[in-house]
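As provided, entry_39.cif (mmCIF, C-alpha atoms) reads as follows.
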```
data_input
loop_
_atom_site.group_PDB
_atom_site.id
_atom_site.type_symbol
_atom_site.label_atom_id
_atom_site.label_comp_id
_atom_site.auth_asym_id
_atom_site.auth_seq_id
_atom_site.Cartn_x
_atom_site.Cartn_y
_atom_site.Cartn_z
ATOM 1 C CA ASP B 1 -74.425 32.223 -232.899
ATOM 2 C CA ASP B 2 -71.117 33.121 -234.553
ATOM 3 C CA GLY B 3 -72.532 36.555 -235.333
ATOM 4 C CA ILE B 4 -72.266 37.418 -231.632
ATOM 5 C CA VAL B 5 -68.611 37.449 -230.694
ATOM 6 C CA ASP B 6 -69.099 37.345 -226.914
ATOM 7 C CA LEU B 7 -72.520 35.996 -225.985
ATOM 8 C CA ASN B 8 -71.895 36.391 -222.250
ATOM 9 C CA ALA B 9 -70.994 40.071 -222.622
ATOM 10 C CA ASN B 10 -74.230 40.704 -224.515
ATOM 11 C CA TYR B 11 -76.150 38.778 -221.853
ATOM 12 C CA ARG B 12 -74.603 40.820 -219.028
ATOM 13 C CA GLU B 13 -75.509 44.089 -220.739
ATOM 14 C CA GLU B 14 -79.088 43.079 -221.563
ATOM 15 C CA VAL B 15 -79.904 41.562 -218.194
ATOM 16 C CA GLY B 16 -78.186 44.448 -216.400
ATOM 17 C CA ILE B 17 -80.671 46.821 -218.030
ATOM 18 C CA SER B 18 -83.529 44.506 -217.050
ATOM 19 C CA HIS B 19 -82.264 44.378 -213.454
ATOM 20 C CA ALA B 20 -82.428 48.174 -213.173
ATOM 21 C CA GLU B 21 -85.870 48.160 -214.802
ATOM 22 C CA VAL B 22 -87.197 45.609 -212.292
ATOM 23 C CA MET B 23 -85.978 47.768 -209.404
ATOM 24 C CA ASN B 24 -87.704 50.766 -210.970
ATOM 25 C CA LYS B 25 -90.965 48.834 -211.221
ATOM 26 C CA GLN B 26 -90.692 47.686 -207.597
ATOM 27 C CA VAL B 27 -90.429 51.229 -206.209
ATOM 28 C CA LEU B 28 -93.486 52.212 -208.285
ATOM 29 C CA LEU B 29 -95.842 49.374 -207.358
ATOM 30 C CA ASP B 30 -99.141 50.974 -206.468
ATOM 31 C CA LEU B 31 -101.372 49.537 -203.746
ATOM 32 C CA THR B 32 -103.229 47.204 -206.106
ATOM 33 C CA SER B 33 -100.359 46.106 -208.388
ATOM 34 C CA THR B 34 -98.989 42.620 -208.886
ATOM 35 C CA VAL B 35 -95.446 41.337 -208.430
ATOM 36 C CA ASN B 36 -94.388 38.682 -210.937
ATOM 37 C CA GLY B 37 -98.053 37.961 -211.624
ATOM 38 C CA LEU B 38 -98.977 37.661 -207.941
ATOM 39 C CA GLN B 39 -101.354 39.971 -206.126
ATOM 40 C CA HIS B 40 -99.965 41.634 -203.005
ATOM 41 C CA SER B 41 -102.407 39.657 -200.885
ATOM 42 C CA SER B 42 -101.015 36.330 -202.123
ATOM 43 C CA LEU B 43 -97.344 37.171 -201.566
ATOM 44 C CA SER B 44 -95.593 35.397 -198.739
ATOM 45 C CA ASP B 45 -93.526 37.441 -196.300
ATOM 46 C CA ALA B 46 -90.355 36.076 -197.922
ATOM 47 C CA GLU B 47 -91.519 37.078 -201.411
ATOM 48 C CA ARG B 48 -92.514 40.510 -200.186
ATOM 49 C CA ASP B 49 -89.143 40.999 -198.504
ATOM 50 C CA GLN B 50 -87.413 40.389 -201.838
ATOM 51 C CA ASN B 51 -88.890 43.607 -203.206
ATOM 52 C CA LEU B 52 -87.956 47.184 -202.486
ATOM 53 C CA THR B 53 -90.551 49.077 -200.470
ATOM 54 C CA SER B 54 -92.696 50.941 -202.964
ATOM 55 C CA LEU B 55 -92.942 54.725 -202.956
ATOM 56 C CA TYR B 56 -96.699 54.172 -203.016
ATOM 57 C CA LYS B 57 -96.574 52.578 -199.573
ATOM 58 C CA ILE B 58 -94.188 55.247 -198.285
ATOM 59 C CA VAL B 59 -96.199 58.136 -199.731
ATOM 60 C CA SER B 60 -99.466 57.081 -198.149
ATOM 61 C CA ASN B 61 -101.489 57.520 -194.974
ATOM 62 C CA PHE B 62 -103.644 55.577 -192.545
ATOM 63 C CA ALA B 63 -106.940 56.269 -194.310
ATOM 64 C CA GLU B 64 -105.708 55.100 -197.718
ATOM 65 C CA LEU B 65 -104.037 51.917 -196.472
ATOM 66 C CA ASP B 66 -106.853 51.076 -194.064
ATOM 67 C CA ASN B 67 -109.383 51.342 -196.904
ATOM 68 C CA THR B 68 -107.491 48.874 -199.080
ATOM 69 C CA GLY B 69 -108.997 46.013 -197.100
ATOM 70 C CA GLU B 70 -105.547 44.720 -196.158
ATOM 71 C CA ILE B 71 -104.559 43.863 -199.725
ATOM 72 C CA PHE B 72 -101.215 42.768 -198.378
ATOM 73 C CA THR B 73 -100.204 41.468 -194.979
ATOM 74 C CA ASN B 74 -99.617 44.143 -192.354
ATOM 75 C CA ALA B 75 -100.476 46.912 -194.818
ATOM 76 C CA LEU B 76 -100.184 49.577 -192.120
ATOM 77 C CA ASP B 77 -96.702 48.476 -191.001
ATOM 78 C CA ILE B 78 -93.606 50.207 -192.327
ATOM 79 C CA TYR B 79 -90.032 50.066 -191.016
ATOM 80 C CA GLY B 80 -91.173 48.318 -187.846
ATOM 81 C CA THR B 81 -93.798 50.973 -187.050
ATOM 82 C CA THR B 82 -97.555 50.894 -187.584
ATOM 83 C CA ARG B 83 -99.582 53.720 -189.042
ATOM 84 C CA THR B 84 -102.387 54.203 -186.551
ATOM 85 C CA THR B 85 -104.812 57.077 -187.188
ATOM 86 C CA ALA B 86 -104.760 60.506 -188.774
ATOM 87 C CA SER B 87 -104.369 61.921 -185.259
ATOM 88 C CA ASP B 88 -100.871 60.386 -185.215
ATOM 89 C CA PRO B 89 -99.467 62.438 -188.092
ATOM 90 C CA HIS B 90 -95.759 61.567 -188.235
ATOM 91 C CA LEU B 91 -96.337 58.794 -190.818
ATOM 92 C CA GLU B 92 -99.085 60.636 -192.715
ATOM 93 C CA SER B 93 -98.074 61.680 -196.226
ATOM 94 C CA TYR B 94 -100.259 64.021 -198.283
ATOM 95 C CA VAL B 95 -102.642 61.975 -200.472
ATOM 96 C CA ASP B 96 -105.078 63.627 -202.894
ATOM 97 C CA SER B 97 -107.406 60.895 -204.162
ATOM 98 C CA ASN B 98 -111.009 60.661 -205.290
ATOM 99 C CA SER B 99 -112.101 57.273 -203.897
ATOM 100 C CA GLY B 100 -111.061 55.493 -207.067
ATOM 101 C CA THR B 101 -113.084 57.704 -209.413
ATOM 102 C CA ASP B 102 -111.040 59.555 -212.016
ATOM 103 C CA ARG B 103 -111.355 63.353 -212.148
ATOM 104 C CA ASN B 104 -109.837 65.955 -214.438
ATOM 105 C CA LEU B 105 -106.310 67.126 -213.798
ATOM 106 C CA THR B 106 -106.391 70.823 -212.925
ATOM 107 C CA VAL B 107 -103.804 73.415 -212.006
ATOM 108 C CA ASN B 108 -105.645 73.880 -208.715
ATOM 109 C CA LEU B 109 -105.073 70.223 -207.769
ATOM 110 C CA LEU B 110 -101.340 70.571 -208.264
ATOM 111 C CA ASN B 111 -101.103 73.988 -206.603
ATOM 112 C CA THR B 112 -103.099 72.749 -203.606
ATOM 113 C CA ALA B 113 -100.799 69.760 -203.185
ATOM 114 C CA LEU B 114 -97.674 71.930 -203.339
ATOM 115 C CA ARG B 115 -99.148 74.441 -200.883
ATOM 116 C CA ASN B 116 -100.101 71.716 -198.398
ATOM 117 C CA LEU B 117 -96.709 70.035 -198.609
ATOM 118 C CA MET B 118 -94.877 73.286 -197.946
ATOM 119 C CA ALA B 119 -97.225 74.030 -195.035
ATOM 120 C CA ARG B 120 -96.233 70.641 -193.588
ATOM 121 C CA GLY B 121 -92.552 71.603 -193.733
ATOM 122 C CA GLY B 122 -91.804 69.791 -196.982
ATOM 123 C CA ASP B 123 -89.721 71.209 -199.807
ATOM 124 C CA PRO B 124 -90.790 69.454 -203.045
ATOM 125 C CA LYS B 125 -87.729 68.707 -205.170
ATOM 126 C CA VAL B 126 -89.196 66.619 -207.979
ATOM 127 C CA ILE B 127 -92.493 65.484 -209.496
ATOM 128 C CA LEU B 128 -92.587 61.947 -210.917
ATOM 129 C CA THR B 129 -95.323 61.132 -213.418
ATOM 130 C CA GLY B 130 -95.987 59.590 -216.819
ATOM 131 C CA TYR B 131 -95.544 61.083 -220.267
ATOM 132 C CA ASP B 132 -99.329 61.323 -220.677
ATOM 133 C CA THR B 133 -99.758 63.490 -217.577
ATOM 134 C CA ILE B 134 -96.905 65.784 -218.623
ATOM 135 C CA GLN B 135 -98.512 66.254 -222.027
ATOM 136 C CA THR B 136 -101.936 66.943 -220.489
ATOM 137 C CA LEU B 137 -100.461 69.430 -218.015
ATOM 138 C CA GLY B 138 -98.625 71.203 -220.834
ATOM 139 C CA GLU B 139 -101.815 71.491 -222.887
ATOM 140 C CA LEU B 140 -103.718 72.704 -219.820
ATOM 141 C CA LEU B 141 -101.189 75.433 -219.088
ATOM 142 C CA GLN B 142 -100.982 76.457 -222.722
ATOM 143 C CA ALA B 143 -104.758 76.859 -222.872
ATOM 144 C CA GLN B 144 -104.502 79.198 -219.877
ATOM 145 C CA GLU B 145 -101.613 81.060 -221.525
ATOM 146 C CA ARG B 146 -99.141 79.707 -218.999
ATOM 147 C CA PHE B 147 -96.093 77.695 -219.866
ATOM 148 C CA MET B 148 -93.992 75.067 -218.181
ATOM 149 C CA GLY B 149 -90.374 76.064 -217.850
ATOM 150 C CA ARG B 150 -87.404 73.923 -218.747
ATOM 151 C CA THR B 151 -84.290 73.406 -216.703
ATOM 152 C CA GLU B 152 -81.149 71.335 -216.757
ATOM 153 C CA VAL B 153 -80.841 68.654 -214.112
ATOM 154 C CA VAL B 154 -77.294 67.717 -213.168
ATOM 155 C CA PRO B 155 -77.171 64.162 -211.792
ATOM 156 C CA SER B 156 -75.170 63.524 -208.647
ATOM 157 C CA HIS B 157 -74.049 60.438 -206.744
ATOM 158 C CA SER B 158 -72.388 60.302 -203.322
ATOM 159 C CA GLY B 159 -71.629 64.000 -203.482
ATOM 160 C CA ILE B 160 -70.079 63.792 -206.963
ATOM 161 C CA LYS B 161 -71.896 66.019 -209.432
ATOM 162 C CA GLY B 162 -71.882 66.259 -213.181
ATOM 163 C CA VAL B 163 -70.980 69.489 -214.942
ATOM 164 C CA SER B 164 -73.737 71.897 -215.886
ATOM 165 C CA GLY B 165 -74.059 72.521 -219.602
ATOM 166 C CA ARG B 166 -72.506 69.251 -220.732
ATOM 167 C CA GLU B 167 -74.019 65.975 -221.836
ATOM 168 C CA VAL B 168 -74.095 64.676 -218.249
ATOM 169 C CA GLY B 169 -77.178 66.824 -217.599
ATOM 170 C CA PHE B 170 -80.624 66.309 -219.137
ATOM 171 C CA ARG B 171 -83.335 68.875 -219.776
ATOM 172 C CA VAL B 172 -86.780 68.408 -218.260
ATOM 173 C CA ALA B 173 -90.009 70.337 -217.874
ATOM 174 C CA THR B 174 -90.552 72.255 -214.644
ATOM 175 C CA TYR B 175 -93.538 73.560 -212.723
ATOM 176 C CA HIS B 176 -92.818 76.387 -210.259
ATOM 177 C CA ASP B 177 -89.153 75.482 -210.805
ATOM 178 C CA ILE B 178 -89.763 71.884 -209.676
ATOM 179 C CA PRO B 179 -88.448 69.362 -212.254
ATOM 180 C CA ILE B 180 -91.077 67.001 -213.689
ATOM 181 C CA ILE B 181 -89.420 63.658 -214.439
ATOM 182 C CA PRO B 182 -91.250 61.252 -216.812
ATOM 183 C CA VAL B 183 -91.281 57.613 -215.701
ATOM 184 C CA LYS B 184 -92.482 54.962 -218.141
ATOM 185 C CA ASP B 185 -93.627 52.577 -215.376
ATOM 186 C CA MET B 186 -95.753 55.143 -213.545
ATOM 187 C CA PRO B 187 -99.090 53.563 -212.480
ATOM 188 C CA ASP B 188 -102.375 55.052 -213.592
ATOM 189 C CA GLY B 189 -104.855 53.158 -211.413
ATOM 190 C CA GLY B 190 -105.886 51.002 -214.378
ATOM 191 C CA ALA B 191 -107.247 53.892 -216.478
ATOM 192 C CA GLY B 192 -106.951 57.622 -216.921
ATOM 193 C CA LEU B 193 -103.739 59.599 -216.530
ATOM 194 C CA SER B 194 -100.596 58.526 -214.734
ATOM 195 C CA ASP B 195 -100.383 59.405 -211.045
ATOM 196 C CA MET B 196 -98.158 62.196 -209.743
ATOM 197 C CA LEU B 197 -95.653 61.698 -206.923
ATOM 198 C CA ILE B 198 -94.388 64.941 -205.396
ATOM 199 C CA LEU B 199 -91.224 64.136 -203.478
ATOM 200 C CA ASP B 200 -88.850 65.862 -201.098
ATOM 201 C CA THR B 201 -85.748 63.874 -202.017
ATOM 202 C CA ASP B 202 -83.780 65.336 -199.096
ATOM 203 C CA HIS B 203 -85.662 62.741 -197.026
ATOM 204 C CA LEU B 204 -85.779 59.806 -199.474
ATOM 205 C CA PHE B 205 -82.898 57.392 -199.933
ATOM 206 C CA LEU B 206 -81.963 54.121 -201.554
ATOM 207 C CA CYS B 207 -79.908 52.659 -198.716
ATOM 208 C CA THR B 208 -77.517 50.044 -200.084
ATOM 209 C CA LEU B 209 -76.218 47.121 -198.036
ATOM 210 C CA LYS B 210 -74.556 45.487 -201.030
ATOM 211 C CA PRO B 211 -74.189 47.339 -204.350
ATOM 212 C CA THR B 212 -75.259 45.718 -207.597
ATOM 213 C CA GLU B 213 -72.952 42.794 -208.437
ATOM 214 C CA TYR B 214 -72.852 40.277 -211.262
ATOM 215 C CA PHE B 215 -72.053 36.616 -210.675
ATOM 216 C CA GLU B 216 -71.367 34.039 -213.347
ATOM 217 C CA GLY B 217 -70.674 30.312 -213.392
ATOM 218 C CA GLY B 218 -70.319 27.811 -216.161
ATOM 219 C CA ILE B 219 -67.981 26.021 -218.534
ATOM 220 C CA ASN B 220 -65.138 28.459 -217.940
ATOM 221 C CA ALA B 221 -65.726 28.554 -214.198
ATOM 222 C CA ASP B 222 -67.799 26.008 -212.279
ATOM 223 C CA VAL B 223 -70.320 23.762 -214.009
ATOM 224 C CA PHE B 224 -71.058 21.912 -210.770
ATOM 225 C CA GLY B 225 -72.243 24.933 -208.813
ATOM 226 C CA HIS B 226 -75.452 25.147 -210.798
ATOM 227 C CA GLY B 227 -75.580 21.553 -212.071
ATOM 228 C CA LYS B 228 -75.587 22.414 -215.744
ATOM 229 C CA LEU B 229 -73.098 22.184 -218.604
ATOM 230 C CA GLY B 230 -73.533 25.808 -219.604
ATOM 231 C CA HIS B 231 -73.326 29.368 -218.383
ATOM 232 C CA ARG B 232 -75.567 31.034 -215.876
ATOM 233 C CA GLY B 233 -75.452 34.621 -214.658
ATOM 234 C CA LEU B 234 -77.050 36.519 -211.788
ATOM 235 C CA TYR B 235 -77.349 40.165 -210.763
ATOM 236 C CA ARG B 236 -77.814 40.948 -207.082
ATOM 237 C CA THR B 237 -78.621 44.196 -205.295
ATOM 238 C CA VAL B 238 -79.274 44.361 -201.553
ATOM 239 C CA ALA B 239 -80.924 47.693 -200.790
ATOM 240 C CA GLU B 240 -84.067 49.326 -199.461
ATOM 241 C CA THR B 241 -85.971 52.542 -200.054
ATOM 242 C CA VAL B 242 -86.055 54.663 -196.902
ATOM 243 C CA CYS B 243 -87.946 57.802 -195.944
ATOM 244 C CA THR B 244 -87.065 59.995 -192.959
ATOM 245 C CA TYR B 245 -89.912 62.537 -193.271
ATOM 246 C CA PHE B 246 -93.240 61.198 -194.477
ATOM 247 C CA ARG B 247 -95.238 64.428 -194.101
ATOM 248 C CA GLY B 248 -93.118 66.138 -196.750
ATOM 249 C CA GLN B 249 -94.069 63.571 -199.440
ATOM 250 C CA GLY B 250 -97.265 63.671 -201.484
ATOM 251 C CA LYS B 251 -99.148 62.144 -204.398
ATOM 252 C CA ILE B 252 -102.116 62.942 -206.622
ATOM 253 C CA ILE B 253 -104.011 59.933 -207.960
ATOM 254 C CA ASP B 254 -107.348 59.179 -209.704
ATOM 255 C CA LEU B 255 -106.666 61.491 -212.647
ATOM 256 C CA GLN B 256 -108.024 61.661 -216.161
#
```
Final structure tokens representation of the file:
Amino acid sequence: DDGIVDLNANYREEVGISHAEVMNKQVLLDLTSTVNGLQHSSLSDAERDQNLTSLYKIVSNFAELDNTGEIFTNALDIYGTTRTTASDPHLESYVDSNSGTDRNLTVNLLNTALRNLMARGGDPKVILTGYDTIQTLGELLQAQERFMGRTEVVPSHSGIKGVSGREVGFRVATYHDIPIIPVKDMPDGGAGLSDMLILDTDHLFLCTLKPTEYFEGGINADVFGHGKLGHRGLYRTVAETVCTYFRGQGKIIDLQ
């Protein structure tokens, strides 16, 4: 199309956004989600290894994973260790569920989760949830004549921080001074409100073996490498989500 001056540049930009979106979806796969149309139980080990470990598997416990009926191979295994029982607490995150039955979101549910996490030695830094849950929480607090605060979050990377008060920061709702970040891909269990992940990010990392890179081959490079008279491009990221303190992480699911 002559209307697009540099088709490859447009392709790189569009697919680069999609690549980041796919990674976001991988870290938010709940315990019954599909990957590329496949149920967890039907994924091979190789296919499963191509995905980042989901926060839903990290922020979980023996009882929840054991009750899934082994929806994916070695459901209780994580980072070479097996979750055993609730009496072995070092891999037990805080999980507030209702056996798959949705219940109303209440301030008490959220306060109880925060209190339990702090009693476990956690220090909640952020709450991830969907836009619908944020709206419901705001309406709930307003009805009780309470209000969510707002704060400015300054993004940082490798110790380099943005400047407070400039466009590098973004304003978000807060609850007890904990930022509530909306995530469009947040699962909701198939119905009801989006789940809530309450995270201590001091102990959560995206460990990168190879940073995101873009590769391209084609008419101007090598048409033989991919056996086609045309251009092909590929984004690659080699990384894994890692948690160093499971007991400080929590989630609230089965909400309406």
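Shell of B:Arg115 at 12 Å, with all atoms listed in the file counted and residues fewer than 3 places along the chain excluded, is Tyr94, Asn108, Leu109, Leu110, Asn111, Thr112, Met118, Ala119, Arg120, Gly121, Gly122, Asp123, Pro124, His176, Ile198, Gly248 and Gly250 of chain B.
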- Item | Closest of B:His203, B:His90, B:Lys125, B:Lys210 to B:Ile178 - atom-to-atom distances counting only C-alpha atoms |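 Among B:His203, B:His90, B:Lys125, B:Lys210, it is B:Lys125 that comes nearest to B:Ile178.
Nearest residue to B:Val59, choosing from B:Asp188, B:Val22, B:Leu141, B:Glu92 and counting all atoms listed in the file: B:Glu92.
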- Item | Proximity to B:Val95 - best of B:Leu65, B:Ala191, B:Val107, B:Ile180, all atoms listed in the file |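 So, comparing all the options, the nearest one is B:Leu65.
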- Item | Residue with smallest distance to B:Ser194 - pool B:Gly233, B:Pro179, B:Gly130, B:Gly138, counting all atoms listed in the file |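 So, comparing all the options, the nearest one is B:Gly130.
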- Selection: 12 Å around B:Asn24, all atoms listed in the file, excl. self and same-chain fewer than 4 positions, as a ChimeraX atom specification: /B:17-20,28-29,51-55,183-187,206,241
- Query: Which distance in Å separates atom CA of B:Glu213 and atom CA of B:Met23, to one decimal?
  - Reply: 14.0 Å
- Among listed residues B:Leu105, B:Leu7, B:Leu234, B:Ala173, nearest B:Leu193 (using only C-alpha atoms): B:Leu105
- Task: For B:Asp96, list every protein, DNA or RNA residue within 7 Å, evaluated using all atoms listed in the file, and leave out those in the same chain fewer than 4 positions away; present the list as a PyMOL selection string.
- Result: chain B and resi 251-253
- In Å, with one decimal, what is the gap from atom CA of B:Ala113 to atom CA of B:Lys25?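 Atom CA of B:Lys25 lies 24.5 Å from atom CA of B:Ala113.
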- Task: Name all residues at most 10 Å from stretch 85-87 of chain B (count all atoms listed in the file; drop same-chain ones fewer than 2 positions away) and give them as a list in words.
- Result: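 Neighbouring residues, sequence-local ones excluded: Asn61, Phe62, Ala63, Asp66, Thr82, Arg83, Pro89, His90, Leu91 and Glu92 of chain B.
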Please produce an output containing C-alpha atoms for each residue in the selection, written as a PDB file, keeping the file's coordinate frame.
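Okay, selection-v9.pdb is ready:
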```
ATOM      1  CA  ASN B  61    -101.489  57.520-194.974  1.00  0.00           C
ATOM      2  CA  PHE B  62    -103.644  55.577-192.545  1.00  0.00           C
ATOM      3  CA  ALA B  63    -106.940  56.269-194.310  1.00  0.00           C
ATOM      4  CA  ASP B  66    -106.853  51.076-194.064  1.00  0.00           C
ATOM      5  CA  THR B  82     -97.555  50.894-187.584  1.00  0.00           C
ATOM      6  CA  ARG B  83     -99.582  53.720-189.042  1.00  0.00           C
ATOM      7  CA  PRO B  89     -99.467  62.438-188.092  1.00  0.00           C
ATOM      8  CA  HIS B  90     -95.759  61.567-188.235  1.00  0.00           C
ATOM      9  CA  LEU B  91     -96.337  58.794-190.818  1.00  0.00           C
ATOM     10  CA  GLU B  92     -99.085  60.636-192.715  1.00  0.00           C
TER      11      GLU B  92
END
```
- Would you kindly translate the PyMOL selection byres ((chain B and resi 103) around 6) into the concrete residues it picks from this file, as a VMD selection string? chain B and resid 102 104 255 to 256
- For B:Thr212, which residue among B:Thr174, B:Ile78, B:Gly16, B:Asp88 is the nearest when counting all atoms listed in the file? B:Gly16
- Query: Which residues, written as a PyMOL selection string, have at least one atom at most 9 Å from B:Asp132, with only C-alpha atoms counted and residues fewer than 3 positions away on the same chain left out?
  - Reply: chain B and resi 129+135-137+182+193-194
- Message: Starting from the PyMOL selection byres ((chain B and resi 211) around 12), expand the selection into actual residues of this file and give them as a VMD selection string.
- Response: chain B and resid 206 to 210 212 to 214 235 to 240
- For atom CA of B:Tyr56 and atom CA of B:Glu21, the interatomic separation in Å (one decimal):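 Interatomic distance here is 17.1 Å.
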